[in-house]
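Chemist: Dropping a structure here in structure tokens format, bear with me for questions.
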Amino acid sequence: MRRSLLLLFLLIPSFALAEDASDSINMVWLATAAALVFLMQAGFALLESGMSRSKNSLNVVMKNYMDVCIGTLIFWCVGYGLMFGTNVTGWFGTDGFFPNDAEPMTWGVLLFQTMFAATAVTIASGAMAERTRYGAYLIGALVITGLIYPVYGSWVWNEDGWLAKLGFIDFAGSTVVHSVGAWCALAGIIVVGPRLGRFDKRGEPREIRGHNLTLVALGGFILWFGWFGFNGGSTLEASVDIGLINLNTQLAAAAGAVATVVLATLRGKPILLTETVNGSLAGLVGITAGCATMMPGYALLTGLIAGVVCVFGQQLLLRMKLDDVVGAVAVHGFAGVWGTVAAGIFFIDDPFNSTIILVQLIGVISAFAWTFLTALVMYLLIALFFGLRASAIHEQRGLDLSEHAEIGYPEFPMQTAYTAERATDMETRG
Amino acid sequence: MRRSLLLLFLLIPSFALAEDASDSINMVWLATAAALVFLMQAGFALLESGMSRSKNSLNVVMKNYMDVCIGTLIFWCVGYGLMFGTNVTGWFGTDGFFPNDAEPMTWGVLLFQTMFAATAVTIASGAMAERTRYGAYLIGALVITGLIYPVYGSWVWNEDGWLAKLGFIDFAGSTVVHSVGAWCALAGIIVVGPRLGRFDKRGEPREIRGHNLTLVALGGFILWFGWFGFNGGSTLEASVDIGLINLNTQLAAAAGAVATVVLATLRGKPILLTETVNGSLAGLVGITAGCATMMPGYALLTGLIAGVVCVFGQQLLLRMKLDDVVGAVAVHGFAGVWGTVAAGIFFIDDPFNSTIILVQLIGVISAFAWTFLTALVMYLLIALFFGLRASAIHEQRGLDLSEHAEIGYPEFPMQTAYTAERATDMETRG
Amino acid sequence: MRRSLLLLFLLIPSFALAEDASDSINMVWLATAAALVFLMQAGFALLESGMSRSKNSLNVVMKNYMDVCIGTLIFWCVGYGLMFGTNVTGWFGTDGFFPNDAEPMTWGVLLFQTMFAATAVTIASGAMAERTRYGAYLIGALVITGLIYPVYGSWVWNEDGWLAKLGFIDFAGSTVVHSVGAWCALAGIIVVGPRLGRFDKRGEPREIRGHNLTLVALGGFILWFGWFGFNGGSTLEASVDIGLINLNTQLAAAAGAVATVVLATLRGKPILLTETVNGSLAGLVGITAGCATMMPGYALLTGLIAGVVCVFGQQLLLRMKLDDVVGAVAVHGFAGVWGTVAAGIFFIDDPFNSTIILVQLIGVISAFAWTFLTALVMYLLIALFFGLRASAIHEQRGLDLSEHAEIGYPEFPMQTAYTAERATDMETRG
């Protein structure tokens with residue numbers, strides 16, 4: 001008896017260790033994942049800059065650089081509280097603003113969620129590139145991170161949110177992050193209008209080629225890399241589940257790219273780097289909602305279909321005369337919708353259950369309704385009171401000079417006519 | 001008595017926590033390491049694209065982008081089963097194909113191993129760059145990830161493999177991954193032949209310069225970064241051993257680069273960026289087999305010699321009229337052989353033991369025999385029935401246009417003649 | 001009773017597991033953080049190369065590539081012992097050189113500290129770019145990593161160091177790493193002198209534009225990413241504190257960038273990419289000392305002021321006719337001083353305590369005195385006996401050709417006159 005008690009007391013520090021260790025492990029994973037998600041900003045910047053013309057390459061990057069900065073500050077000020085504060089109504093949080101004192105783990109969660117907010121906001125920058133004023137874009141970024149994103153987020157990821165209570169499944173944010181970002185982008189490109197020369201007099205699209213496709217591929221790789229933190233980190237703790245989550249992520253990304261290559265081959269079209277990279281990103285967006293609750297075979301299928309959705313989605317937008325420079329609406333919006341529905345269809349515990357699928361549809365539709373409408377009003381107000389679109393002369397000279405008085409490659413002579421000329425030749429391609 | 005029992009029951013959840021935590025920690029490290037290894041694909045893409053001419057820069061990147069996609073899917077379908085399934089004969093696994101249901105930790109291991117398979121296959125893309133047809137390359141990638149790599153892998157990393165039973169040491173894959181990839185590359189460059197103009201009429205090599213050396217350096221840095229996951233992650237669990245492993249990795253990489261710089265200085269040659277980056281990669285390849293079982297001083301020495309092996313190995317290939325665009329055979333093959341032997345020579349528990357060194361040699365030779373022969377047959381069959389080499393007109397115009405109808409830098413005018421002209425001037429250099 | 005004892009014995013292996021696990025977790029975090037800090041080398045290389053002219057772009061990258069290699073080897077040989085060895089006097093360590101046998105955890109710490117040493121040394125490469133001889137730079141790098149950095153480091157981070165005993169707060173190295181690197185850079189640019197044409201005949205600065213600003217932004221993103229390992233990893237163990245540390249890091253970086261944008265807007269100047277990126281880096285440098293001991297609100301304020309310090313600091317240097325190509329002295333030196341003082345001012349347990357602030361000032365001043373003087377003597381000796389500055393003809397043709405016989409972009413025609421011509425136009429800007 002005495003011996004057993006003695007042992008117990010000797011052992012108690014070990015227990016304490018084990019418990020502390022558990023928090024530490026969780027924080028290690030959260031911090032690692034947050035860093036990976038942060039790097040996605042670099043991925044977006046490269047992808048978007050590479051797909052833009054050189055005369056706007058810095059401006060795009062600077063939109064990415066500053067939206068993460070503004071987003072970080074505003075999310076700390078109000079976003080986090082709106083999203084994760086006490087949520088009596090189920091529609092938004094009402095406390096936790098300007099957090100300056102909290103439990104240690106809370107800081108880790110805030111850090112991770114800050115990176116998510118910055119991801120959502122940066123999606124619009126690519127779609128609206130090459131003709132949107134810098135200041136106007138940043139005002140939009142501020143409203144998205146401070147209001148639009150956290151309010152919808154509070155419906156799903158705040159445990160008292162109304163969609164959370166319905167059982168809506170969006171593990172890492174196919175809808176909460178990617179579709180929300182994409183619907184903001186959609187509102188933005190509608191209000192700001194297409195780039196000069198993007199559609200010819202008959203309304204047919206003219207291709208405007210990105211200036212540096214190596215950067216596009218690098219951006220794609222970096223985004224894919226960061227997604228292992230985005231999806232894997234959404235456990236918010238160290239967990240054996242990360243294995244399945246990130247395996248599903250990998251399979252869906254690969255399948256999304258393969259889908260575009262197979263599709264291009266079947267249709268007798270060239271295998272484009274831009275389309276292939278977007279295919280893998282569509283696969284990643286698609287698996288984001290259901291990565292934790294799907295078997296690998298279904299993850300592969302989800303990614304495959306996401307790649308197809310993305311290709312045809314981009315064509316649909318073009319037919320609607322909408323000019324999305326990087327294909328963000330198709331990649332993050334349409335593939336996000338598909339992925340969120342797929343998370344219901346292939347839900348591991350109860351696949352093909354129509355009630356679950358219905359809830360998924362409610363979540364998807366409410367995301368579109370809230371985000372698209374508020375973003376549309378916001379961009380209209382910005383256009384009215386501040387001016388959203390750069391002047392034609394600035395657009396022609398490039399926003400790098402007009403907004404930043406810098407150019408991306410001062411020693412490299414550029415063929416400014418080249419793109420326009422070739423664009424005519426390429427007109428027939430999708 | 002009662003009190004002690006009570007305490008025990010109170011404590012039991014803590015025990016459970018500690019045990020679960022252990023799996024969670026292992027998964028955190030496995031997922032982190034897998035992500036790092038994935039990013040090596042970006043490193044390869046940049047290195048290979050930067051060392052190629054601009055007219056093929058996208059094609060190289062697209063080979064990297066798609067081989068990881070195809071590799072991921074095929075490794076899930078058959079590769080993992082072949083490599084890690086029940087291995088009665090010692091020569092290959094026979095179950096575990098299309099895994100859709102497994103223990104949580106298994107998903108993490110599968111994810112990590114998928115990244116390894118993708119690394120092995122991508123090595124060939126750089127060596128065979130600038131003249132290999134896209135579809136033909138992808139067929140090769142499919143066979144390598146689905147057959148050649150996992151079969152050899154099952155000899156070493158399947159606990160019932162015949163080389164595993166001999167005690168062959170290849171901790172993270174100097175041979176299993178890097179040499180296997182390099183021998184595939186060697187077979188490929190033999191079958192596809194050198195680029196047009198790579199050797200002049202007398203058979204002397206003419207230098208063809210890479211179009212973007214900043215990308216080469218960035219690729220080198222990213223590969224080095226990813227190697228901390230490649231070697232460190234090969235513990236397959238959280239472990240204090242990661243410290244020594246990654247310190248050895250760092251020392252060997254640094255020593256490999258220093259070796260090339262010292263060698264160039266001693267020989268009165270310029271200190272080339274390309275050669276220096278390859279030197280560090282040779283150091284990394286060299287330490288990969290023995291990083292867990294070598295003292296730091298020997299790791300440094302292994303890296304140093306690997307750098308020297310790489311420089312002279314590349315010269316040997318040129319003398320044999322073999323055109324390896326990025327030096328992959330020297331970096332991954334020759335340095336891999338040296339590293340695998342070094343893992344035996346400097347084996348921490350029993351250094352300079354001739355029996356151990358003999359086993360290492362058997363492993364190295366069997367890797368060459370299996371891989372080189374199967375890859376040679378494969379590329380010959382592809383050449384015969386499908387066509388491996390791009391047409392001369394496509395090669396001259398560049399594979400970006402002929403294979404993808406895109407070009408890397410549409411706004412930048414290029415000096416296509418420049419490289420050829422300068423190549424003549426540089427002819428004397430190694 | 002018997003049952004309880006039985007249970008206890010059954011449970012003992014679990015305790016052992018928990019304790020081992022703790023070391024393993026610590027190593028996982030240390031290895032992850034070390035890898036992130038390593039990648040900062042790529043960030044520095046891109047930032048510095050992008051801010052240089054294309055004719056020196058490889059040379060800058062090669063300085064980064066080789067200083068990490070040389071730094072790694074020399075820090076293993078002597079640096080680590082000097083810094084962390086037995087420190088009887090409080091001024092330097094006297095054992096632990098060429099470590100070849102140690103506790104497993106020690107290897108992890110050595111790896112992490114190696115990355116820190118490499119960071120300190122690489123700061124000088126950017127400041128002194130475009131006119132410093134390659135060999136001379138590498139000799140300097142060797143002395144900094146082998147002597148200057150570890151000696152000062154032993155004062156602060158060796159538990160027996162005299163500044164450590166005073167209670168000097170520099171958690172992750174605003175002073176130990178960044179200021180030390182910056183004061184070496186300051187000594188270097190004084191001895192080597194400004195680039196040809198950097199100041200006109202009246203002594204007014206002429207802007208020399210970087211050749212690739214997309215790379216600058218990518219470098220900034222990668223540095224920011226790496227900083228989560230730099231600051232978060234300075235716990236040297238898995239810990240819940242990482243959350244606050246990295247949140248503070250994120251807030252300060254964002255605030256630093258926002259400060260430069262607001263400042264430019266207020267002053268009616270264009271929002272420059274280069275200045276914005278440097279602003280975020282200044283925020284990061286600023287928070288490095290106090291990231292573990294500051295509330296988020298103060299971290300934000302620290303970053304904000306660091307951004308302002310950086311902008312005016314760079315102007316001060318220009319007025320003193322000092323040519324710092326990338327602004328390293330302002331970013332790492334001046335913001336480092338501010339950050340170290342801020343760590344005292346906003347010290348969480350006892351803010352605004354004049355004694356603490358005084359100790360911080362002593363630490364800052366002693367860093368300047370030791371580092372600047374030794375580096376000045378070193379560069380003067382190198383200039384005298386070896387030659388520090390490239391010849392005018394080499395400087396005009398570019399160091400890529402003269403030092404490495406390679407050029408960065410052989411297929412891209414360059415407008416060498418462009419920069420100089422435009423520089424005149426831009427003369428009025430800061």
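Residue names in the structure tokens use chain letters A, B, ... in the order shown, residue numbers from 1 in each chain, and ligand numbers from 1 in the order shown.
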Within 7 Å of chain A, which residues of chain B show up? Give each one with its shortest atom-to-atom distance in Å (one decimal) and the two atoms involved, counting only C-alpha atoms, rows by chain then rising residue number, as a Markdown table.

Modeler:
| residue | atom | partner | partner_atom | distance |
| --- | --- | --- | --- | --- |
| B:Met1 | CA | A:Met1 | CA | 6.2 |
| B:Ser4 | CA | A:Leu5 | CA | 6.1 |
| B:Ser14 | CA | A:Phe15 | CA | 6.6 |
| B:Ala18 | CA | A:Ala18 | CA | 5.7 |
| B:Ala21 | CA | A:Ser22 | CA | 6.3 |
| B:Asp23 | CA | A:Val240 | CA | 6.2 |
| B:Ser24 | CA | A:Ser239 | CA | 4.5 |
| B:Ile25 | CA | A:Ala238 | CA | 6.5 |
| B:Met27 | CA | A:Val240 | CA | 5.6 |
| B:Val28 | CA | A:Ala238 | CA | 6.1 |
| B:Ala31 | CA | A:Gly243 | CA | 6.7 |
| B:Ala35 | CA | A:Phe225 | CA | 6.0 |
| B:Phe38 | CA | A:Phe225 | CA | 6.8 |
| B:Leu39 | CA | A:Phe225 | CA | 6.1 |
| B:Ala42 | CA | A:Phe221 | CA | 5.8 |
| B:Leu58 | CA | A:Thr214 | CA | 6.5 |
| B:Met62 | CA | A:Leu273 | CA | 6.5 |
| B:Cys69 | CA | A:Ala254 | CA | 4.1 |
| B:Ile70 | CA | A:Ala254 | CA | 6.9 |
| B:Thr72 | CA | A:Leu251 | CA | 6.6 |
| B:Leu73 | CA | A:Leu251 | CA | 6.5 |
| B:Asn100 | CA | A:Pro296 | CA | 5.7 |
| B:Pro104 | CA | A:Val240 | CA | 5.9 |
| B:Met105 | CA | A:Val240 | CA | 6.4 |
| B:Trp107 | CA | A:Gly243 | CA | 4.9 |
| B:Gly108 | CA | A:Gly243 | CA | 4.0 |
| B:Leu111 | CA | A:Leu247 | CA | 5.3 |
| B:Glu403 | CA | A:Pro270 | CA | 6.8 |
| B:His404 | CA | A:Ile271 | CA | 5.1 |
| B:Ala405 | CA | A:Pro270 | CA | 6.1 |
| B:Glu406 | CA | A:Leu272 | CA | 6.8 |
| B:Gly408 | CA | A:Leu213 | CA | 5.0 |
| B:Tyr409 | CA | A:Asn212 | CA | 4.9 |
| B:Pro410 | CA | A:His211 | CA | 5.7 |
| B:Glu411 | CA | A:Gln415 | CA | 5.0 |
| B:Phe412 | CA | A:Met414 | CA | 5.3 |
| B:Pro413 | CA | A:Gln415 | CA | 6.5 |

Chemist: May I have the selected residues written with N, CA, C and O atoms, as a compact mmCIF listing (two decimals), in the first residue's frame?

Modeler:
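result_5.txt written:
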# COMPACT_ATOMS: atom_id res chain seq x y z
N MET B 1 -5.70 2.34 0.52
CA MET B 1 -5.99 1.40 -0.58
C MET B 1 -7.03 1.97 -1.54
O MET B 1 -6.81 2.11 -2.73
N SER B 4 -5.72 4.94 -3.27
CA SER B 4 -4.76 4.66 -4.35
C SER B 4 -5.49 4.19 -5.61
O SER B 4 -5.18 4.58 -6.72
N SER B 14 -5.30 9.96 -18.43
CA SER B 14 -4.01 10.56 -18.76
C SER B 14 -3.11 9.57 -19.49
O SER B 14 -2.42 9.92 -20.42
N ALA B 18 -1.49 9.92 -23.15
CA ALA B 18 -0.08 9.83 -23.49
C ALA B 18 0.14 8.87 -24.66
O ALA B 18 0.91 9.14 -25.56
N ALA B 21 -1.23 10.39 -27.78
CA ALA B 21 -0.34 11.50 -28.14
C ALA B 21 0.85 11.00 -28.94
O ALA B 21 1.26 11.63 -29.91
N ASP B 23 1.09 8.49 -31.05
CA ASP B 23 0.70 8.35 -32.45
C ASP B 23 0.52 9.70 -33.12
O ASP B 23 0.92 9.90 -34.27
N SER B 24 -0.09 10.62 -32.40
CA SER B 24 -0.33 11.96 -32.96
C SER B 24 0.98 12.66 -33.30
O SER B 24 1.11 13.27 -34.35
N ILE B 25 1.95 12.57 -32.38
CA ILE B 25 3.26 13.20 -32.64
C ILE B 25 3.89 12.59 -33.88
O ILE B 25 4.41 13.30 -34.73
N MET B 27 2.47 11.26 -36.34
CA MET B 27 1.76 11.70 -37.53
C MET B 27 2.11 13.15 -37.87
O MET B 27 2.23 13.50 -39.05
N VAL B 28 2.25 13.98 -36.85
CA VAL B 28 2.62 15.38 -37.10
C VAL B 28 3.95 15.43 -37.85
O VAL B 28 4.09 16.14 -38.85
N ALA B 31 3.55 14.00 -41.45
CA ALA B 31 2.83 14.92 -42.34
C ALA B 31 3.71 16.11 -42.70
O ALA B 31 3.72 16.57 -43.85
N ALA B 35 5.13 16.86 -46.52
CA ALA B 35 4.94 18.15 -47.20
C ALA B 35 6.27 18.68 -47.71
O ALA B 35 6.37 19.17 -48.83
N PHE B 38 7.26 16.78 -50.70
CA PHE B 38 6.46 17.23 -51.84
C PHE B 38 7.07 18.47 -52.48
O PHE B 38 7.18 18.57 -53.70
N LEU B 39 7.49 19.42 -51.66
CA LEU B 39 8.00 20.68 -52.21
C LEU B 39 9.27 20.46 -53.03
O LEU B 39 9.61 21.29 -53.89
N ALA B 42 8.88 21.11 -56.61
CA ALA B 42 9.08 22.49 -57.09
C ALA B 42 10.56 22.76 -57.29
O ALA B 42 10.96 23.42 -58.25
N LEU B 58 8.71 25.46 -70.12
CA LEU B 58 7.41 24.98 -69.62
C LEU B 58 7.31 23.47 -69.71
O LEU B 58 6.74 22.82 -68.83
N MET B 62 6.21 21.06 -66.84
CA MET B 62 5.00 20.25 -67.00
C MET B 62 5.29 18.76 -66.82
O MET B 62 4.41 18.00 -66.43
N CYS B 69 1.67 13.92 -60.33
CA CYS B 69 0.24 13.59 -60.36
C CYS B 69 0.02 12.13 -60.74
O CYS B 69 -0.68 11.39 -60.04
N ILE B 70 0.60 11.76 -61.85
CA ILE B 70 0.46 10.37 -62.30
C ILE B 70 1.07 9.41 -61.27
O ILE B 70 0.48 8.38 -60.93
N THR B 72 1.40 9.81 -58.09
CA THR B 72 0.55 9.72 -56.90
C THR B 72 -0.57 8.71 -57.12
O THR B 72 -0.83 7.85 -56.26
N LEU B 73 -1.22 8.80 -58.27
CA LEU B 73 -2.36 7.91 -58.52
C LEU B 73 -1.91 6.46 -58.69
O LEU B 73 -2.49 5.54 -58.09
N ASN B 100 -8.19 1.35 -49.49
CA ASN B 100 -9.32 2.23 -49.20
C ASN B 100 -9.76 2.12 -47.75
O ASN B 100 -10.70 2.79 -47.33
N PRO B 104 -5.17 4.32 -39.19
CA PRO B 104 -4.83 5.73 -39.42
C PRO B 104 -3.36 5.98 -39.74
O PRO B 104 -3.04 6.73 -40.65
N MET B 105 -2.45 5.31 -39.02
CA MET B 105 -1.02 5.57 -39.26
C MET B 105 -0.60 5.16 -40.67
O MET B 105 0.30 5.74 -41.26
N TRP B 107 -2.15 5.56 -43.42
CA TRP B 107 -2.36 6.64 -44.39
C TRP B 107 -1.19 7.61 -44.40
O TRP B 107 -0.79 8.09 -45.45
N GLY B 108 -0.66 7.86 -43.21
CA GLY B 108 0.48 8.76 -43.12
C GLY B 108 1.71 8.19 -43.82
O GLY B 108 2.41 8.88 -44.55
N LEU B 111 1.19 8.30 -47.56
CA LEU B 111 1.40 9.67 -48.04
C LEU B 111 2.88 9.95 -48.20
O LEU B 111 3.35 10.45 -49.23
N GLU B 403 4.32 21.00 -77.80
CA GLU B 403 3.58 20.12 -76.89
C GLU B 403 2.45 20.83 -76.15
O GLU B 403 1.47 20.21 -75.75
N HIS B 404 2.63 22.14 -75.89
CA HIS B 404 1.66 22.81 -75.02
C HIS B 404 1.04 24.06 -75.64
O HIS B 404 0.16 24.67 -75.04
N ALA B 405 1.51 24.47 -76.82
CA ALA B 405 0.97 25.67 -77.47
C ALA B 405 1.03 26.88 -76.53
O ALA B 405 0.18 27.77 -76.58
N GLU B 406 2.01 26.86 -75.64
CA GLU B 406 2.23 28.02 -74.77
C GLU B 406 3.73 28.33 -74.80
O GLU B 406 4.53 27.45 -75.10
N GLY B 408 6.86 30.29 -72.37
CA GLY B 408 7.08 30.66 -70.98
C GLY B 408 7.03 32.15 -70.72
O GLY B 408 6.49 32.60 -69.70
N TYR B 409 7.59 32.94 -71.63
CA TYR B 409 7.75 34.37 -71.39
C TYR B 409 7.31 35.13 -72.63
O TYR B 409 8.12 35.70 -73.34
N PRO B 410 5.98 35.19 -72.91
CA PRO B 410 5.53 35.72 -74.19
C PRO B 410 5.89 37.18 -74.44
O PRO B 410 5.92 37.60 -75.59
N GLU B 411 6.16 37.96 -73.40
CA GLU B 411 6.45 39.38 -73.61
C GLU B 411 7.94 39.67 -73.74
O GLU B 411 8.34 40.79 -74.04
N PHE B 412 8.76 38.68 -73.42
CA PHE B 412 10.20 38.89 -73.44
C PHE B 412 10.75 38.44 -74.79
O PHE B 412 10.62 37.27 -75.14
N PRO B 413 11.37 39.34 -75.55
CA PRO B 413 12.02 38.88 -76.77
C PRO B 413 13.22 38.02 -76.42
O PRO B 413 13.90 38.27 -75.42

Chemist: I'd like the interatomic distance between CA of Leu186 in chain C and CA of Val329 in chain C, to a tenth of an Å.

Modeler: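 Going from CA of Leu186 in chain C over to CA of Val329 in chain C covers 6.3 Å.
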
Chemist: Quick one: pull the distance between CA of Asn56 in chain C and CA of Met378 in chain C, Å, one decimal.

Modeler: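 Atom-to-atom, CA of Asn56 in chain C to CA of Met378 in chain C, that is 24.1 Å.
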